[in-house]
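Student: Please find one structure pasted underneath; my questions will follow.
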Amino acid sequence: MSHPHDRTPWEFLDDRAQLASAPERPRRVVTYVQAGAALWDHGIRPAGVFGSPHDDETTADPAKTGRLPMGDVPYLGAGAGLDVGTLLAAEPDLLVAVTYGGSAVYAIAPETAKHLEEHVPVLALSVAADRGLTGIRERFAELAHALGAPERPEAAHELDAAEGLFRAAAASAGDIRITAVSSAGPDQVYVARPHTWSDLTALHALGATLPEPPDGPGINWHTTTWDEVISWQPDIVLTDARAHAGPTDPALAGRTRLLPWNPELPPSPDAHARFLTGLAEALRDAARSRK
């Protein structure tokens, strides 16, 4: 997955309105794992990836790595185990992170990010819901192309097909309800507020029914009990598959369809097509069960 090395000066304006620049096109790119998974789908091999404070310091969360070949891509740590020395030891000439808005770089402590920028260009792309799933995906494609990745019309066609498949499944499913949750343990669960998640907002735009949980203090999540979620009688429950999420209540499993959900879905057409295709099948199954 290597590309011809472009020796002209390289620049990219990130979503913090900061210009990342290098004397030539970066070849060794270290990334946050979500960004790395997206770039891999475009044909860019990261020189290393790192996790968030939620992640294990020594092992990448398989829910987040997408199709990254983690046997070949070094995992550089997360949280307290992530420092300037570890990241620079991978000899990056660009570091790609994500941001949820504003100037903050997600997963890297502010002091660490400040010191890194003294040694290597740091670029952050927004994965905030207000960018929209399409907008997030397009920005990562733009970066991939700037790093030398070719255009991939076949991936765009596959995504178009997956969106059509999901739209048709949602139309035939009627009021089949989808709820997304992240377990906090046996006595507590976080229920996603769909309008604050780019992937869930996209499902709604394609015709799916995603009821809003009750109003409350949480911006992204409604905190409640498993009994309350069960009382809503959802048809499909997307369960947070990341390693730091707790187990799903067994009582829920016997009452609804459970599908693994990665709230940090790699922002690539490939990952989005797989997500939509799997959910379209679940919608069709749920609709058939009602007949």
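Labels for the structure tokens follow display order: chains A, B, ..., residues from 1 in each chain, ligands from 1.
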If we count only C-alpha atoms and set the cut-off at 9 Å, which residues sit around region 226-230 of chain A, ignoring sequence neighbours fewer than 6 positions away in its own chain? Please answer as a list in words.

Tutor: Thr179, Ser183, Pro186, Asp187, Gln188, Val189, Val191, Thr248, Asp249, Ala251, Leu252, Arg255 and Thr256 of chain A

Student: Store the residues picked out above in a file with all heavy atoms, as an mmCIF file, in the first residue's frame.

Tutor:
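Output file result.cif follows:
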data_model
loop_
_atom_site.group_PDB
_atom_site.id
_atom_site.type_symbol
_atom_site.label_atom_id
_atom_site.label_comp_id
_atom_site.auth_asym_id
_atom_site.auth_seq_id
_atom_site.Cartn_x
_atom_site.Cartn_y
_atom_site.Cartn_z
ATOM 1 N N THR A 179 -32.739 1.345 19.078
ATOM 2 C CA THR A 179 -32.186 2.068 20.227
ATOM 3 C C THR A 179 -30.718 1.683 20.368
ATOM 4 O O THR A 179 -30.360 0.512 20.215
ATOM 5 C CB THR A 179 -32.948 1.713 21.519
ATOM 6 O OG1 THR A 179 -34.300 2.183 21.397
ATOM 7 C CG2 THR A 179 -32.314 2.353 22.739
ATOM 8 N N SER A 183 -23.431 -0.098 27.874
ATOM 9 C CA SER A 183 -23.624 -0.629 29.214
ATOM 10 C C SER A 183 -22.634 -0.021 30.200
ATOM 11 O O SER A 183 -21.430 0.078 29.931
ATOM 12 C CB SER A 183 -23.460 -2.146 29.205
ATOM 13 O OG SER A 183 -23.472 -2.647 30.536
ATOM 14 N N PRO A 186 -24.345 -3.900 35.470
ATOM 15 C CA PRO A 186 -25.620 -4.595 35.641
ATOM 16 C C PRO A 186 -26.766 -3.687 36.079
ATOM 17 O O PRO A 186 -27.934 -4.038 35.876
ATOM 18 C CB PRO A 186 -25.322 -5.644 36.718
ATOM 19 C CG PRO A 186 -24.131 -5.114 37.449
ATOM 20 C CD PRO A 186 -23.328 -4.363 36.445
ATOM 21 N N ASP A 187 -26.445 -2.533 36.649
ATOM 22 C CA ASP A 187 -27.500 -1.690 37.208
ATOM 23 C C ASP A 187 -27.697 -0.376 36.462
ATOM 24 O O ASP A 187 -28.589 0.406 36.823
ATOM 25 C CB ASP A 187 -27.201 -1.374 38.678
ATOM 26 C CG ASP A 187 -27.051 -2.627 39.522
ATOM 27 O OD1 ASP A 187 -27.877 -3.541 39.348
ATOM 28 O OD2 ASP A 187 -26.101 -2.694 40.318
ATOM 29 N N GLN A 188 -26.896 -0.122 35.450
ATOM 30 C CA GLN A 188 -26.976 1.177 34.777
ATOM 31 C C GLN A 188 -26.598 1.042 33.309
ATOM 32 O O GLN A 188 -25.734 0.252 32.944
ATOM 33 C CB GLN A 188 -26.042 2.178 35.468
ATOM 34 C CG GLN A 188 -26.255 3.626 35.062
ATOM 35 C CD GLN A 188 -25.373 4.566 35.885
ATOM 36 O OE1 GLN A 188 -24.168 4.636 35.679
ATOM 37 N NE2 GLN A 188 -25.973 5.275 36.832
ATOM 38 N N VAL A 189 -27.276 1.835 32.481
ATOM 39 C CA VAL A 189 -26.997 1.810 31.053
ATOM 40 C C VAL A 189 -27.166 3.222 30.500
ATOM 41 O O VAL A 189 -28.009 3.999 30.966
ATOM 42 C CB VAL A 189 -27.930 0.813 30.325
ATOM 43 C CG1 VAL A 189 -29.396 1.164 30.524
ATOM 44 C CG2 VAL A 189 -27.587 0.733 28.848
ATOM 45 N N VAL A 191 -28.187 5.406 27.251
ATOM 46 C CA VAL A 191 -28.950 5.307 26.015
ATOM 47 C C VAL A 191 -28.592 6.513 25.147
ATOM 48 O O VAL A 191 -28.685 7.662 25.594
ATOM 49 C CB VAL A 191 -30.466 5.279 26.290
ATOM 50 C CG1 VAL A 191 -31.241 5.157 24.977
ATOM 51 C CG2 VAL A 191 -30.813 4.117 27.220
ATOM 52 N N THR A 248 -24.155 -6.603 28.273
ATOM 53 C CA THR A 248 -25.577 -6.318 28.094
ATOM 54 C C THR A 248 -26.397 -7.164 29.053
ATOM 55 O O THR A 248 -26.087 -8.339 29.283
ATOM 56 C CB THR A 248 -25.985 -6.610 26.643
ATOM 57 O OG1 THR A 248 -25.183 -5.809 25.774
ATOM 58 C CG2 THR A 248 -27.453 -6.294 26.405
ATOM 59 N N ASP A 249 -27.454 -6.597 29.592
ATOM 60 C CA ASP A 249 -28.331 -7.325 30.498
ATOM 61 C C ASP A 249 -28.918 -8.542 29.777
ATOM 62 O O ASP A 249 -29.528 -8.405 28.709
ATOM 63 C CB ASP A 249 -29.461 -6.402 30.964
ATOM 64 C CG ASP A 249 -30.290 -7.012 32.085
ATOM 65 O OD1 ASP A 249 -30.728 -8.164 31.937
ATOM 66 O OD2 ASP A 249 -30.483 -6.341 33.106
ATOM 67 N N ALA A 251 -31.514 -10.176 30.275
ATOM 68 C CA ALA A 251 -32.965 -10.104 30.104
ATOM 69 C C ALA A 251 -33.340 -9.389 28.812
ATOM 70 O O ALA A 251 -34.380 -9.684 28.218
ATOM 71 C CB ALA A 251 -33.597 -9.389 31.297
ATOM 72 N N LEU A 252 -32.491 -8.470 28.375
ATOM 73 C CA LEU A 252 -32.775 -7.756 27.140
ATOM 74 C C LEU A 252 -32.592 -8.662 25.927
ATOM 75 O O LEU A 252 -33.348 -8.580 24.957
ATOM 76 C CB LEU A 252 -31.860 -6.529 27.024
ATOM 77 C CG LEU A 252 -32.090 -5.612 25.821
ATOM 78 C CD1 LEU A 252 -33.471 -4.964 25.888
ATOM 79 C CD2 LEU A 252 -31.008 -4.537 25.760
ATOM 80 N N ARG A 255 -35.525 -10.493 24.521
ATOM 81 C CA ARG A 255 -36.697 -9.707 24.119
ATOM 82 C C ARG A 255 -36.517 -8.913 22.838
ATOM 83 O O ARG A 255 -37.470 -8.341 22.319
ATOM 84 C CB ARG A 255 -37.069 -8.741 25.249
ATOM 85 C CG ARG A 255 -37.598 -9.408 26.503
ATOM 86 C CD ARG A 255 -37.758 -8.379 27.616
ATOM 87 N NE ARG A 255 -38.549 -8.891 28.737
ATOM 88 C CZ ARG A 255 -38.062 -9.650 29.705
ATOM 89 N NH1 ARG A 255 -36.780 -10.008 29.677
ATOM 90 N NH2 ARG A 255 -38.844 -10.078 30.690
ATOM 91 N N THR A 256 -35.300 -8.834 22.333
ATOM 92 C CA THR A 256 -35.050 -7.979 21.168
ATOM 93 C C THR A 256 -33.847 -8.485 20.405
ATOM 94 O O THR A 256 -33.134 -9.385 20.855
ATOM 95 C CB THR A 256 -34.804 -6.526 21.628
ATOM 96 O OG1 THR A 256 -34.721 -5.669 20.495
ATOM 97 C CG2 THR A 256 -33.507 -6.429 22.422
#

Student: If we count only C-alpha atoms and set the cut-off at 7 Å, which residues sit around Phe12 (chain A), ignoring sequence neighbours fewer than 5 positions away in its own chain? Please answer as a list of chain:residue names.

Tutor: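 My list of contacting residues is A:Leu19, A:Ala20, A:Ser21.
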
Student: Give me, as a list of chain:residue names, all polymer residues having an atom no more than 7 Å from Ala35 (chain A), counting only C-alpha atoms and skipping those fewer than 5 positions away in the same chain.

Tutor: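 Neighbouring residues, sequence-local ones excluded: A:Val96, A:Ala97, A:Pro266.
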
Student: Between A:Pro194, A:Gly246, A:Pro53, A:Gly77, which is the closest to Trp221 (chain A) once you count only C-alpha atoms?

Tutor: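 Closest to Trp221 (chain A), using only C-alpha atoms: A:Pro194.
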
Student: DSSP says strand (DSSP E) for which residues of region 32-111 of chain A? Put them as an MDAnalysis selection string?

Tutor: chainID A and resid 32 48:50 94:99

Student: Go through A:Ala47, A:Leu94, A:Ala38, A:Ile176 one by one, measure the shortest atom-to-atom distance of each to Gly66 (chain A) using only C-alpha atoms, and give the residue with the smallest value.

Tutor: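 Ranking A:Ala47, A:Leu94, A:Ala38, A:Ile176 by distance to Gly66 (chain A), first place goes to A:Ala38.
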
Student: Provide the CA of Leu88 (chain A) to CA of Ala104 (chain A) distance in Å, to one decimal place.

Tutor: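 Straight-line distance from CA of Leu88 (chain A) to CA of Ala104 (chain A) works out to 20.0 Å.
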
Student: From the options A:Leu82, A:Ala273, A:Leu13, A:Ala89, which residue's atoms come nearest to Glu111 (chain A), counting only C-alpha atoms?

Tutor: A:Leu82
